[in-house]
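Novice: Contents are compact mmCIF, C-alpha atoms and all ligand atoms; file name start13.txt:
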# COMPACT_ATOMS: atom_id res chain seq x y z
CA MET A 1 121.16 123.51 133.78
CA HIS A 2 119.14 120.32 134.04
CA ALA A 3 118.66 118.20 130.95
CA ILE A 4 117.44 114.75 130.00
CA VAL A 5 120.27 112.76 128.47
CA ALA A 6 119.96 109.47 126.57
CA ARG A 7 123.15 107.71 127.68
CA GLU A 8 122.93 105.00 124.99
CA ALA A 9 120.42 103.56 122.53
CA GLY A 10 117.67 101.66 124.32
CA GLY A 11 114.36 101.79 126.13
CA PRO A 12 113.07 104.64 128.32
CA ASP A 13 115.43 103.56 131.14
CA VAL A 14 118.40 105.06 129.25
CA LEU A 15 117.02 108.54 129.96
CA GLU A 16 118.72 110.33 132.87
CA LEU A 17 118.27 113.76 134.43
CA ARG A 18 121.74 115.33 134.49
CA GLU A 19 123.37 118.62 135.31
CA VAL A 20 125.05 119.80 132.07
CA PRO A 21 126.75 123.06 131.00
CA ASP A 22 124.48 125.82 129.65
CA PRO A 23 124.60 125.92 125.83
CA THR A 24 125.93 129.02 124.01
CA PRO A 25 124.21 130.49 120.94
CA GLY A 26 126.25 131.23 117.82
CA PRO A 27 125.45 133.43 114.82
CA GLY A 28 121.86 132.99 113.70
CA GLU A 29 120.90 131.25 116.94
CA LEU A 30 118.81 132.09 119.99
CA LEU A 31 119.32 130.99 123.58
CA VAL A 32 115.86 130.19 124.94
CA ARG A 33 114.62 129.40 128.45
CA VAL A 34 112.43 126.36 127.88
CA GLU A 35 108.99 126.73 129.49
CA VAL A 36 107.60 123.55 127.96
CA ALA A 37 109.21 120.82 125.88
CA GLY A 38 107.11 118.74 123.52
CA VAL A 39 107.30 114.96 123.54
CA ASN A 40 107.12 113.40 120.08
CA PHE A 41 107.46 109.95 118.62
CA ILE A 42 110.65 111.01 116.87
CA ASP A 43 112.26 111.44 120.31
CA THR A 44 111.59 107.77 120.97
CA TYR A 45 112.95 106.71 117.56
CA GLN A 46 116.12 108.72 118.31
CA ARG A 47 116.40 107.34 121.86
CA SER A 48 115.94 103.73 120.80
CA GLY A 49 118.33 103.88 117.85
CA VAL A 50 115.70 103.50 115.09
CA TYR A 51 117.09 106.80 113.76
CA PRO A 52 120.90 107.09 113.92
CA MET A 53 122.13 109.41 116.70
CA ASP A 54 125.32 110.11 118.64
CA PHE A 55 125.19 109.06 122.32
CA PRO A 56 125.02 110.47 124.87
CA HIS A 57 122.73 113.26 123.64
CA VAL A 58 120.22 115.63 125.20
CA VAL A 59 116.83 114.46 123.96
CA GLY A 60 114.01 116.42 122.35
CA SER A 61 113.60 118.85 119.49
CA GLU A 62 110.41 120.79 120.20
CA GLY A 63 109.32 123.34 122.74
CA ALA A 64 108.33 126.88 123.58
CA GLY A 65 109.89 129.48 125.83
CA VAL A 66 111.38 132.92 126.19
CA VAL A 67 114.46 134.26 124.40
CA VAL A 68 117.21 135.08 126.91
CA ALA A 69 119.99 135.86 124.43
CA ALA A 70 119.94 136.45 120.70
CA GLY A 71 123.12 135.83 118.71
CA THR A 72 123.36 137.77 115.50
CA THR A 73 120.01 136.98 113.92
CA GLY A 74 119.33 137.36 110.23
CA THR A 75 119.56 134.90 107.46
CA ALA A 76 122.21 132.46 108.69
CA GLY A 77 121.59 129.15 107.02
CA SER A 78 118.15 129.98 105.70
CA GLY A 79 118.59 131.99 102.53
CA ASP A 80 115.30 133.79 103.13
CA GLU A 81 113.63 136.26 105.44
CA THR A 82 114.23 135.21 109.03
CA PRO A 83 112.44 137.67 111.33
CA ALA A 84 114.29 139.54 114.06
CA PHE A 85 114.13 138.17 117.62
CA ALA A 86 114.80 140.06 120.84
CA VAL A 87 115.37 139.10 124.46
CA GLY A 88 111.97 138.49 126.07
CA ASP A 89 110.24 137.26 122.90
CA ARG A 90 108.00 134.20 123.26
CA VAL A 91 108.92 131.61 120.67
CA VAL A 92 108.08 128.05 119.63
CA TRP A 93 110.19 125.61 117.58
CA THR A 94 110.20 122.07 116.27
CA ASP A 95 113.82 121.30 115.47
CA ALA A 96 116.21 122.37 118.19
CA PRO A 97 118.15 119.29 119.33
CA GLY A 98 118.39 119.16 123.12
CA SER A 99 114.99 120.65 123.93
CA TYR A 100 114.40 118.43 127.03
CA ALA A 101 116.38 120.96 129.09
CA GLY A 102 116.19 124.20 131.02
CA LEU A 103 117.89 126.09 128.18
CA VAL A 104 118.26 125.31 124.50
CA VAL A 105 119.85 126.88 121.45
CA VAL A 106 117.25 127.39 118.73
CA PRO A 107 118.18 128.25 115.12
CA ALA A 108 116.52 131.62 114.43
CA ARG A 109 115.52 130.38 110.97
CA SER A 110 113.15 127.85 112.58
CA ALA A 111 111.87 129.83 115.59
CA VAL A 112 108.36 131.26 115.35
CA HIS A 113 106.90 134.10 117.43
CA VAL A 114 103.96 132.97 119.59
CA PRO A 115 100.97 135.34 119.45
CA ALA A 116 100.10 136.90 122.82
CA ALA A 117 96.71 135.16 122.81
CA VAL A 118 98.28 131.68 122.67
CA ALA A 119 99.70 129.95 125.76
CA LEU A 120 103.18 128.47 125.32
CA ALA A 121 101.86 125.00 126.17
CA ASP A 122 99.22 125.29 123.45
CA ALA A 123 101.79 126.62 120.96
CA THR A 124 103.93 123.55 121.64
CA ALA A 125 100.92 121.28 121.22
CA VAL A 126 100.37 122.59 117.68
CA ALA A 127 104.03 122.90 116.70
CA LEU A 128 105.34 119.64 115.27
CA GLN A 129 101.96 117.93 115.35
CA GLY A 130 99.93 120.94 114.16
CA LEU A 131 102.28 121.81 111.30
CA THR A 132 102.27 118.14 110.34
CA ALA A 133 98.48 117.93 110.36
CA HIS A 134 98.45 121.11 108.25
CA TYR A 135 100.77 119.90 105.49
CA LEU A 136 99.11 116.47 105.45
CA CYS A 137 95.67 117.82 104.60
CA THR A 138 96.74 120.81 102.49
CA SER A 139 99.69 119.37 100.54
CA SER A 140 100.22 115.61 100.86
CA TYR A 141 96.61 114.97 99.97
CA PRO A 142 94.76 118.30 99.78
CA VAL A 143 91.29 117.57 101.14
CA ARG A 144 88.41 118.83 99.02
CA PRO A 145 84.88 119.48 100.27
CA GLY A 146 82.96 116.22 100.37
CA ASP A 147 86.01 113.95 100.53
CA GLN A 148 85.84 111.01 102.89
CA VAL A 149 89.21 110.20 104.47
CA LEU A 150 90.52 107.71 107.03
CA VAL A 151 92.66 108.97 109.94
CA HIS A 152 94.43 106.35 112.05
CA ALA A 153 95.14 107.00 115.76
CA GLY A 154 92.37 109.61 115.76
CA ALA A 155 92.83 110.56 119.42
CA GLY A 156 96.58 111.10 119.14
CA GLY A 157 98.44 114.36 118.93
CA VAL A 158 98.38 114.58 115.16
CA GLY A 159 95.07 112.71 114.91
CA LEU A 160 92.93 115.17 116.90
CA LEU A 161 94.37 118.18 115.04
CA LEU A 162 94.18 116.55 111.62
CA THR A 163 90.56 115.54 112.17
CA GLN A 164 89.63 119.14 112.98
CA MET A 165 91.52 120.51 109.98
CA VAL A 166 90.03 118.00 107.53
CA THR A 167 86.56 118.79 108.86
CA ALA A 168 87.19 122.54 108.55
CA ARG A 169 88.06 121.98 104.87
CA GLY A 170 84.74 120.26 104.28
CA GLY A 171 86.04 116.70 104.46
CA HIS A 172 84.48 113.79 106.36
CA VAL A 173 86.61 111.76 108.75
CA ILE A 174 86.47 108.07 109.57
CA SER A 175 88.97 107.43 112.36
CA THR A 176 90.51 104.48 114.17
CA VAL A 177 91.31 104.32 117.90
CA SER A 178 92.06 101.63 120.47
CA THR A 179 89.65 102.42 123.32
CA PRO A 180 86.14 103.78 123.92
CA ALA A 181 87.60 106.80 125.75
CA LYS A 182 89.74 107.61 122.72
CA ALA A 183 86.69 107.12 120.49
CA GLU A 184 84.87 109.80 122.46
CA LEU A 185 87.75 112.25 121.98
CA SER A 186 87.98 111.51 118.27
CA ARG A 187 84.25 112.12 117.84
CA GLY A 188 84.63 115.37 119.74
CA ALA A 189 87.23 116.48 117.19
CA GLY A 190 84.76 115.89 114.38
CA ALA A 191 85.15 112.27 113.27
CA GLU A 192 81.82 111.05 111.88
CA HIS A 193 82.62 107.35 112.24
CA VAL A 194 85.08 105.93 114.75
CA ILE A 195 86.33 102.35 114.48
CA GLU A 196 87.94 100.56 117.41
CA TYR A 197 90.51 98.76 115.31
CA THR A 198 91.98 96.76 118.19
CA ALA A 199 88.61 95.04 118.62
CA LEU A 200 88.60 93.71 115.04
CA GLY A 201 89.33 90.01 114.56
CA ASP A 202 91.40 90.57 111.41
CA LEU A 203 92.35 94.21 110.93
CA THR A 204 93.62 93.80 107.37
CA HIS A 205 90.41 92.14 106.24
CA ASP A 206 87.80 93.76 108.48
CA LEU A 207 88.80 97.42 108.40
CA PRO A 208 88.54 97.86 104.59
CA GLU A 209 85.14 96.11 104.69
CA ILE A 210 83.86 98.55 107.29
CA VAL A 211 85.31 101.53 105.41
CA ARG A 212 83.69 100.38 102.16
CA GLY A 213 80.42 99.98 104.01
CA LEU A 214 80.66 103.59 105.17
CA THR A 215 81.55 104.94 101.71
CA GLY A 216 78.90 103.34 99.50
CA GLY A 217 81.32 100.60 98.49
CA GLU A 218 83.86 103.03 97.03
CA GLY A 219 86.56 103.44 99.66
CA VAL A 220 88.10 106.66 100.92
CA ALA A 221 89.88 109.36 98.93
CA ALA A 222 92.87 109.27 101.27
CA VAL A 223 94.24 107.47 104.29
CA TYR A 224 96.50 109.33 106.72
CA ASP A 225 98.46 106.50 108.31
CA SER A 226 100.88 107.12 111.18
CA VAL A 227 100.59 103.63 112.64
CA GLY A 228 102.55 101.97 109.83
CA ARG A 229 103.36 98.30 110.06
CA ASP A 230 100.08 97.11 111.63
CA THR A 231 97.72 99.19 109.45
CA PHE A 232 99.51 99.56 106.10
CA ASP A 233 97.78 96.70 104.27
CA ALA A 234 94.36 97.67 105.60
CA SER A 235 95.01 101.28 104.59
CA LEU A 236 95.81 100.35 100.98
CA ALA A 237 92.70 98.17 100.78
CA SER A 238 90.49 100.99 102.13
CA LEU A 239 91.24 103.42 99.28
CA ARG A 240 88.94 104.25 96.42
CA ARG A 241 90.18 104.10 92.82
CA ARG A 242 93.07 106.61 92.43
CA GLY A 243 93.09 107.17 96.18
CA THR A 244 96.15 108.35 98.11
CA LEU A 245 97.88 106.63 101.00
CA VAL A 246 99.80 109.16 103.06
CA LEU A 247 102.11 107.08 105.24
CA PHE A 248 103.67 109.49 107.72
CA GLY A 249 104.78 107.42 110.69
CA GLY A 250 105.42 104.03 112.21
CA SER A 251 103.99 104.04 115.72
CA SER A 252 103.56 100.25 115.49
CA GLY A 253 106.82 99.75 113.57
CA GLN A 254 108.17 100.60 110.13
CA VAL A 255 106.51 99.23 107.00
CA PRO A 256 108.60 96.54 105.27
CA ALA A 257 109.72 96.61 101.60
CA PHE A 258 106.84 97.17 99.20
CA ASP A 259 106.07 96.06 95.63
CA PRO A 260 104.83 99.06 93.56
CA GLN A 261 102.65 96.71 91.48
CA ARG A 262 100.28 96.74 94.44
CA LEU A 263 99.42 100.35 93.59
CA ASN A 264 98.37 99.22 90.12
CA ALA A 265 96.30 96.30 91.41
CA GLY A 266 94.64 98.51 94.02
CA GLY A 267 93.24 100.91 91.39
CA SER A 268 96.03 103.30 90.27
CA LEU A 269 96.74 104.32 93.85
CA THR A 270 99.26 106.92 95.05
CA LEU A 271 101.61 106.26 97.98
CA THR A 272 103.58 109.06 99.59
CA ARG A 273 105.88 109.02 102.62
CA PRO A 274 106.28 112.69 103.61
CA THR A 275 108.16 114.41 106.40
CA LEU A 276 107.61 117.83 107.97
CA LYS A 277 110.96 119.37 107.11
CA ASP A 278 110.16 119.25 103.39
CA PHE A 279 106.96 121.21 103.98
CA THR A 280 108.64 123.93 106.07
CA ALA A 281 111.85 124.08 104.06
CA THR A 282 111.64 127.81 103.35
CA ARG A 283 110.96 130.52 105.88
CA ALA A 284 107.97 131.66 103.81
CA GLU A 285 106.34 128.22 103.96
CA LEU A 286 107.05 127.81 107.68
CA ASP A 287 105.58 131.27 108.38
CA GLU A 288 102.49 130.63 106.30
CA ARG A 289 101.70 127.29 107.93
CA ALA A 290 102.53 128.52 111.45
CA ALA A 291 100.39 131.64 111.01
CA GLU A 292 97.41 129.55 109.95
CA VAL A 293 97.79 127.03 112.76
CA LEU A 294 98.58 129.48 115.57
CA GLY A 295 95.94 131.88 114.21
CA ALA A 296 93.32 129.14 114.39
CA VAL A 297 94.26 128.46 118.03
CA ALA A 298 94.13 132.17 118.86
CA GLY A 299 90.78 132.47 117.05
CA GLY A 300 89.29 129.51 118.89
CA THR A 301 88.67 127.43 115.76
CA LEU A 302 91.40 124.84 116.45
CA HIS A 303 91.09 123.14 119.82
CA VAL A 304 94.19 121.96 121.61
CA ARG A 305 94.26 118.96 123.90
CA VAL A 306 97.20 118.57 126.23
CA GLY A 307 96.64 115.03 127.44
CA ALA A 308 99.51 114.83 129.91
CA THR A 309 102.17 117.07 131.44
CA PHE A 310 105.19 115.56 133.19
CA PRO A 311 108.01 117.20 135.15
CA LEU A 312 111.21 117.13 133.08
CA ALA A 313 112.71 114.60 135.47
CA GLU A 314 109.99 112.12 134.52
CA ALA A 315 110.74 112.11 130.80
CA ALA A 316 111.17 108.32 130.86
CA ASP A 317 107.58 107.95 132.09
CA ALA A 318 106.40 110.24 129.31
CA HIS A 319 108.14 107.99 126.76
CA ARG A 320 106.63 104.88 128.35
CA ALA A 321 103.17 106.41 128.15
CA LEU A 322 103.56 107.49 124.51
CA GLU A 323 104.97 104.16 123.36
CA GLY A 324 102.42 102.28 125.48
CA ARG A 325 99.42 103.91 123.70
CA ALA A 326 98.41 105.45 127.03
CA THR A 327 98.35 109.09 125.81
CA THR A 328 95.86 111.32 124.02
CA GLY A 329 96.59 114.65 122.36
CA LYS A 330 99.85 116.34 123.29
CA VAL A 331 102.39 115.20 125.89
CA LEU A 332 104.51 117.93 127.50
CA LEU A 333 107.50 118.16 129.83
CA VAL A 334 107.98 121.09 132.18
CA PRO A 335 111.53 121.90 133.34
CA ASP A 336 111.84 122.39 137.10
CA ALA A 337 108.14 121.74 137.69
P1 LIG B 401 100.18 109.85 118.82
O1 LIG B 401 99.66 110.76 119.86
O2 LIG B 401 99.36 109.61 117.59
O3 LIG B 401 100.55 108.49 119.52
C1 LIG B 401 100.68 107.32 118.79
C2 LIG B 401 99.37 106.56 118.70
O4 LIG B 401 99.52 105.56 117.71
C3 LIG B 401 98.99 105.82 119.97
O5 LIG B 401 98.36 106.62 120.94
C4 LIG B 401 98.09 104.75 119.41
O6 LIG B 401 96.77 105.21 119.31
C5 LIG B 401 98.63 104.51 118.00
N1 LIG B 401 99.29 103.22 117.90
C6 LIG B 401 98.88 102.19 117.13
N2 LIG B 401 99.66 101.13 117.30
C7 LIG B 401 100.59 101.46 118.18
C8 LIG B 401 101.68 100.75 118.78
N3 LIG B 401 101.95 99.47 118.46
N4 LIG B 401 102.44 101.38 119.69
C9 LIG B 401 102.20 102.66 120.01
N5 LIG B 401 101.19 103.40 119.48
C10 LIG B 401 100.38 102.79 118.58
O7 LIG B 401 101.61 110.36 118.36
P2 LIG B 401 101.94 111.67 117.52
O8 LIG B 401 100.72 112.39 117.17
O9 LIG B 401 103.03 112.39 118.20
O10 LIG B 401 102.60 111.05 116.23
C11 LIG B 401 101.87 110.13 115.45
C12 LIG B 401 102.76 109.54 114.41
O11 LIG B 401 103.06 110.53 113.44
C13 LIG B 401 104.10 108.98 114.89
O12 LIG B 401 104.30 107.76 114.22
C14 LIG B 401 105.09 110.01 114.41
O13 LIG B 401 106.34 109.46 114.14
C15 LIG B 401 104.43 110.53 113.16
N6 LIG B 401 104.83 111.88 112.78
C16 LIG B 401 105.31 112.05 111.54
C17 LIG B 401 105.64 113.29 111.09
C18 LIG B 401 106.05 113.48 109.68
O14 LIG B 401 106.23 114.61 109.21
N7 LIG B 401 106.22 112.42 108.92
C19 LIG B 401 105.61 114.46 111.98
C20 LIG B 401 104.99 114.18 113.26
C21 LIG B 401 104.65 112.92 113.66
P3 LIG B 401 95.59 104.13 119.58
O15 LIG B 401 95.79 103.69 121.01
O16 LIG B 401 94.33 104.86 119.36
O17 LIG B 401 95.83 103.02 118.61
Can I see the file as structure tokens?
Specialist:
Amino acid sequence: MHAIVAREAGGPDVLELREVPDPTPGPGELLVRVEVAGVNFIDTYQRSGVYPMDFPHVVGSEGAGVVVAAGTTGTAGSGDETPAFAVGDRVVWTDAPGSYAGLVVVPARSAVHVPAAVALADATAVALQGLTAHYLCTSSYPVRPGDQVLVHAGAGGVGLLLTQMVTARGGHVISTVSTPAKAELSRGAGAEHVIEYTALGDLTHDLPEIVRGLTGGEGVAAVYDSVGRDTFDASLASLRRRGTLVLFGGSSGQVPAFDPQRLNAGGSLTLTRPTLKDFTATRAELDERAAEVLGAVAGGTLHVRVGATFPLAEAADAHRALEGRATTGKVLLVPDA
């Protein structure tokens, strides 16, 4: 099969299309023909060496496709009720290493059936990013009706979905984006105020001022911050008393060491640094979140934006686009397109 291999840690140029042996599923695993692979920031962290990885490795962890062989399914490795899968089933997943490929082995415990009404591309677009948006606004800081929150990178994959979910829960979104075109998309997802943060003279000083101006001087109940290094200080300063900073990514770089006294000085603030796997750790929780997200897509209440689709062979260009802030919504790869 064809696969995208990262030959060593480095920039997008280390990605190569190679012919590699087909993988073989073991107990509790599915062999899946990949119809679409999802491109996520974590793939770039793994490629560049920010997260430790063995090299060479086949890149990617997310996708959707059709089961072509099912090992013994059941409860291997999960300890709870993994559903049965059969050849021909349409499935989506977020954590199968080697998903930038024609075939991938997916652990049955983390595969989810895709409802007939949902296209595989759309299922992929709400897999890692949709489940993340879901836990962020239901668990990390559960949005209550009337809450005002700040969402950074509002036109991104997580940003567009999170904005819709917060709005559906009765919250009000202030978002940040880098361009007028992204501002338009963010507004379309429900953001009431959109700030072009790259146009600010001094982000750390100016953004909190604008946010306070939009919240009657109080600040927001929560900030969902995936940008990290560049926005962290502004995010803290934008919170209301006892507000929550949900730091969930580092698109601009990782946040350096932090003095907890700043939470005291800021008004008894809460800082959390969550990750998806802890919010889908049991099969029951994965199923519940996936059913809500995929159900909302099927029901037409959650809108999916696939901003770009690349042939598998052009994975390096997809990484360049994502890291270069040139994407909106979801980025997909299509094997053999
Ligand atoms: P996005 O589609 O949001 O793309 C990243 C966006 O970040 C860019 O489009 C850009 O938007 C903004 N950005 C700001 N500064 C920079 C910079 N210096 N370089 C690149 N981008 C920048 O990506 P995703 O939705 O896939 O992921 C968003 C973040 O969420 C990532 O950091 C990812 O690691 C994290 N994440 C965390 C998870 C978790 O459970 N903790 C799970 C899933 C994702 P703009 O041009 O508008 O500034």
Novice: For CA of Gly216 in chain A and CA of Arg242 in chain A, determine how far apart the two atoms are, in Å to one decimal place.
Specialist: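 According to the coordinates, CA of Gly216 in chain A and CA of Arg242 in chain A are separated by 16.2 Å.
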Novice: What is the CA of Val177 in chain A-CA of Leu276 in chain A distance in Å, reported with one decimal?
Specialist: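 Atom-to-atom, CA of Val177 in chain A and CA of Leu276 in chain A are spaced 23.4 Å apart.
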Novice: Around ligand LIG 401 (chain B), which protein and nucleic acid residues have at least one atom no more than 7 Å from it, if we count only C-alpha atoms and all ligand atoms? List them as number ranges by chain.
Specialist: A: 40-42, 128-129, 132, 153-159, 176-179, 182, 226-227, 230, 248-253, 274-276, 322-330
Novice: Include C-alpha atoms and write out the residues we just selected as a PDB file, keeping the file's coordinate frame.
Specialist:
ATOM      1  CA  ASN A  40     107.120 113.400 120.080  1.00  0.00           C
ATOM      2  CA  PHE A  41     107.460 109.950 118.620  1.00  0.00           C
ATOM      3  CA  ILE A  42     110.650 111.010 116.870  1.00  0.00           C
ATOM      4  CA  LEU A 128     105.340 119.640 115.270  1.00  0.00           C
ATOM      5  CA  GLN A 129     101.960 117.930 115.350  1.00  0.00           C
ATOM      6  CA  THR A 132     102.270 118.140 110.340  1.00  0.00           C
ATOM      7  CA  ALA A 153      95.140 107.000 115.760  1.00  0.00           C
ATOM      8  CA  GLY A 154      92.370 109.610 115.760  1.00  0.00           C
ATOM      9  CA  ALA A 155      92.830 110.560 119.420  1.00  0.00           C
ATOM     10  CA  GLY A 156      96.580 111.100 119.140  1.00  0.00           C
ATOM     11  CA  GLY A 157      98.440 114.360 118.930  1.00  0.00           C
ATOM     12  CA  VAL A 158      98.380 114.580 115.160  1.00  0.00           C
ATOM     13  CA  GLY A 159      95.070 112.710 114.910  1.00  0.00           C
ATOM     14  CA  THR A 176      90.510 104.480 114.170  1.00  0.00           C
ATOM     15  CA  VAL A 177      91.310 104.320 117.900  1.00  0.00           C
ATOM     16  CA  SER A 178      92.060 101.630 120.470  1.00  0.00           C
ATOM     17  CA  THR A 179      89.650 102.420 123.320  1.00  0.00           C
ATOM     18  CA  LYS A 182      89.740 107.610 122.720  1.00  0.00           C
ATOM     19  CA  SER A 226     100.880 107.120 111.180  1.00  0.00           C
ATOM     20  CA  VAL A 227     100.590 103.630 112.640  1.00  0.00           C
ATOM     21  CA  ASP A 230     100.080  97.110 111.630  1.00  0.00           C
ATOM     22  CA  PHE A 248     103.670 109.490 107.720  1.00  0.00           C
ATOM     23  CA  GLY A 249     104.780 107.420 110.690  1.00  0.00           C
ATOM     24  CA  GLY A 250     105.420 104.030 112.210  1.00  0.00           C
ATOM     25  CA  SER A 251     103.990 104.040 115.720  1.00  0.00           C
ATOM     26  CA  SER A 252     103.560 100.250 115.490  1.00  0.00           C
ATOM     27  CA  GLY A 253     106.820  99.750 113.570  1.00  0.00           C
ATOM     28  CA  PRO A 274     106.280 112.690 103.610  1.00  0.00           C
ATOM     29  CA  THR A 275     108.160 114.410 106.400  1.00  0.00           C
ATOM     30  CA  LEU A 276     107.610 117.830 107.970  1.00  0.00           C
ATOM     31  CA  LEU A 322     103.560 107.490 124.510  1.00  0.00           C
ATOM     32  CA  GLU A 323     104.970 104.160 123.360  1.00  0.00           C
ATOM     33  CA  GLY A 324     102.420 102.280 125.480  1.00  0.00           C
ATOM     34  CA  ARG A 325      99.420 103.910 123.700  1.00  0.00           C
ATOM     35  CA  ALA A 326      98.410 105.450 127.030  1.00  0.00           C
ATOM     36  CA  THR A 327      98.350 109.090 125.810  1.00  0.00           C
ATOM     37  CA  THR A 328      95.860 111.320 124.020  1.00  0.00           C
ATOM     38  CA  GLY A 329      96.590 114.650 122.360  1.00  0.00           C
ATOM     39  CA  LYS A 330      99.850 116.340 123.290  1.00  0.00           C
TER      40      LYS A 330
END
Novice: Between A:Val220, A:Val304, A:Val331, A:Val149, which residue has the minimum interatomic distance to Gly188 in chain A, considering only C-alpha atoms?
Specialist: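 Under the stated criterion, the closest residue is A:Val304.
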Novice: Within 6 Å of range 83-96 of chain A, counting all atoms listed in the file, which residues show up once you throw out same-chain ones fewer than 4 positions away? Write them as a list in words, please.
Specialist: Ser61, Glu62, Gly63, Ala64, Gly65, Val66, Val67, Val68, Ala69, Val106, Ala111, Val112, His113, Val114 and Leu128 of chain A
Novice: What's the separation between CA of Ala189 in chain A and CA of His303 in chain A, in Å to one decimal place?
Specialist: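 Computed distance, CA of Ala189 in chain A to CA of His303 in chain A, equals 8.1 Å.
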Novice: So that I can see what lies close to Leu333 in chain A, please list as a CSV table (one decimal) with C-alpha atoms, keeping the file's coordinate frame the residues with an atom at most 7 Å from it, counting all atoms listed in the file and leaving out residues fewer than 5 positions away in the same chain.
Specialist:
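Output saved as result07.csv:
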chain,number,residue,atom,x,y,z
A,36,VAL,CA,107.6,123.6,128.0
A,37,ALA,CA,109.2,120.8,125.9
A,38,GLY,CA,107.1,118.7,123.5
A,309,THR,CA,102.2,117.1,131.4
A,310,PHE,CA,105.2,115.6,133.2
A,311,PRO,CA,108.0,117.2,135.2
A,312,LEU,CA,111.2,117.1,133.1
A,315,ALA,CA,110.7,112.1,130.8
Novice: Using only C-alpha atoms, can you tell me which of A:Gly243, A:Gly98, A:Pro25, A:Pro256 comes closest to Ser268 in chain A?
Specialist: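 Checking each of A:Gly243, A:Gly98, A:Pro25, A:Pro256 against Ser268 in chain A, counting only C-alpha atoms, the winner is A:Gly243.
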Novice: With all atoms listed in the file as the atoms that count, which of A:Asn264, A:Thr231, A:Gln254, A:Ser140 lies nearest to Asp278 in chain A?
Specialist: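 Using all atoms listed in the file, Asp278 in chain A sits closest to A:Ser140.
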Novice: Would you pick out the contacts of Tyr135 in chain A at 12 Å or less, using all atoms listed in the file, so that residues sharing its chain but fewer than 3 positions from it are not included, and give the list as a PyMOL selection string?
Specialist: chain A and resi 128-132+138-143+158+161-162+165-166+224+246+248+274-281+285-286+288-290+292-293
Novice: Residues within 12 Å of Ala117 in chain A, please, as an NGL selection string. Count only C-alpha atoms; anything in the same chain fewer than 2 positions from it doesn't count.
Specialist: :A and (90 or 113-115 or 119-123 or 294-300)
Novice: Do a neighbour search on Leu236 in chain A at 10 Å with all atoms listed in the file, toss out local chain neighbours closer than 4 positions, and write the hits as a list in words.
Specialist: Thr204, Pro208, Gly219, Val220, Ala222, Val223, Asp225, Thr231, Phe232, Arg240, Gly243, Thr244, Leu245, Val246, Arg262, Leu263, Gly266, Gly267, Leu269, Thr270 and Leu271 of chain A
Novice: Taking all atoms listed in the file into account, which of A:Leu15, A:Leu136, A:Val32, A:Ala9 comes nearest Gly49 in chain A?
Specialist: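 Going through A:Leu15, A:Leu136, A:Val32, A:Ala9 one by one, the smallest distance to Gly49 in chain A is for A:Ala9.
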